[in-house]
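A.B. asks: Structure provided below as structure tokens; questions to follow.
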Amino acid sequence: MTNPAELVERYVTLSNHDDIDGVLACCADNIMFETVMNPRGSMRLQGKAQVREVLAGTMAAFKDRSHRLASIISQGNRVAAETVFTGVALAELGDGVRPGDKVAIRGATIFEIENGLIARITDYS
């Protein structure tokens, strides 16, 4: 069985290398991805096709984009990670973010692993 924390670390590393296929290979076919952004609402995606679309959009929206795992806690099939995202916006992104602005977002992400793959990602930022 894949070590859940190592799987999450591989997922983040592949994302930082803009390897969408590699990222999705870490995920179950019916992956559930949810971003909770209080008070602005949330986004919920189901399946690799929807996740691929959002990953590609995020990768295209930023240059010098990086996710970093500041800390990680693994228990059974769940992994909790404190994350830091940084990047430079390439387009207007809302909330006053303009092209050239540096973006830094600190958050927490919960990963649930099933059958050696990431089945659910819940991101709080």
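The way I read the labels, and the way they are meant: chains A, B, ... in the order of the structure tokens, residue 1 as the first residue of every chain, and ligand 1 as the first ligand shown, with later ones counted on from there.
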Just the residues within 9 Å of Thr83 in chain A, please, counting only C-alpha atoms, with nothing from its chain fewer than 3 positions along; format it as a ChimeraX atom specification.
C.D. replies: /A:67-72,105-109
A.B. asks: Can you pull out every residue from chain A that DSSP, working from the backbone, puts in alpha helix (DSSP H), and format the result as a ChimeraX atom specification?
C.D. replies: /A:4-16,20-25,48-61
A.B. asks: Between A:Asp101, A:Tyr124, A:Leu93, A:Ile118, which is the closest to Gly47 in chain A once you count only C-alpha atoms?
C.D. replies: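 Of all the options, A:Ile118 lies closest to Gly47 in chain A.
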A.B. asks: Please provide as a CSV table (one decimal) with C-alpha atoms, in the first residue's frame all residues within 8 Å of Arg52 in chain A, with the sequence filter that same-chain residues fewer than 3 positions apart are discarded (counting only C-alpha atoms).
C.D. replies:
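In the end it all went to part-v2.csv:
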chain,number,residue,atom,x,y,z
A,20,ILE,CA,-1.3,17.4,-14.8
A,24,LEU,CA,-4.3,12.9,-11.8
A,48,LYS,CA,-10.8,13.7,-13.1
A,49,ALA,CA,-12.1,15.7,-16.1
A,55,LEU,CA,-5.6,22.5,-12.6
A,56,ALA,CA,-4.9,23.7,-16.2
A.B. asks: With only C-alpha atoms as the atoms that count, which of A:Gly22, A:Pro99, A:Pro4, A:Gly57 lies nearest to Gly76 in chain A?
C.D. replies: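 Of A:Gly22, A:Pro99, A:Pro4, A:Gly57, the one nearest Gly76 in chain A is A:Pro4, counting only C-alpha atoms.
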A.B. asks: Between CA of Glu114 in chain A and CA of Ser66 in chain A, what is the distance, to one decimal in Å?
C.D. replies: 26.1 Å
A.B. asks: With distances taken over only C-alpha atoms, which residue among A:Val54, A:Cys26, A:Val79, A:Met37 lies nearest Phe111 in chain A?
C.D. replies: A:Val79
A.B. asks: Kindly indicate which residue among A:Arg98, A:Val36, A:Gly87, A:Thr58 lies nearest to Ile110 in chain A, using only C-alpha atoms for the distances.
C.D. replies: A:Val36
A.B. asks: Between CA of Phe33 in chain A and CA of Asp95 in chain A, what is the spacing in Å?
C.D. replies: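 Computing the Euclidean distance for CA of Asp95 in chain A and CA of Phe33 in chain A yields 22.3 Å.
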A.B. asks: Can you pull out every residue within 12 Å of Thr2 in chain A, counting only C-alpha atoms, but drop anything in the same chain fewer than 4 positions away, and send it as an MDAnalysis selection string?
C.D. replies: chainID A and resid 6:10 26 76:77 113:118
A.B. asks: Could you tell me which of A:Arg120, A:Ile31, A:Leu45, A:Val103 comes closest to Ala91 in chain A if we count only C-alpha atoms?
C.D. replies: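 So, comparing all the options, the nearest one is A:Val103.
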A.B. asks: Which residues are near Arg65 in chain A? Cut-off 8 Å, only C-alpha atoms, ignore same chain within fewer than 6 positions. Put them as a short mmCIF file (atom, residue, chain, number, x, y, z; two decimals) with C-alpha atoms, in the first residue's frame.
C.D. replies:
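Full text of out_15.cif as output:
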data_model
loop_
_atom_site.label_atom_id
_atom_site.label_comp_id
_atom_site.auth_asym_id
_atom_site.auth_seq_id
_atom_site.Cartn_x
_atom_site.Cartn_y
_atom_site.Cartn_z
CA ASN A 16 4.67 22.20 -8.95
CA MET A 59 -1.41 26.70 -13.98
CA PHE A 85 0.64 28.81 -2.34
CA THR A 86 2.61 31.56 -4.05
CA GLY A 87 2.57 32.82 -7.59
CA VAL A 88 2.49 35.87 -9.82
#
A.B. asks: As an exercise, work out the distance from CA of Ser74 in chain A to CA of Glu112 in chain A in Å and give it to one decimal place.
C.D. replies: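 Atom-to-atom, CA of Ser74 in chain A to CA of Glu112 in chain A, that is 10.1 Å.
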A.B. asks: As a PyMOL selection string, please: every residue in chain A that a backbone DSSP assignment puts in strand (DSSP E or B).
C.D. replies: chain A and resi 27-37+41-46+62-75+78-89+94+97+102-114+117-124
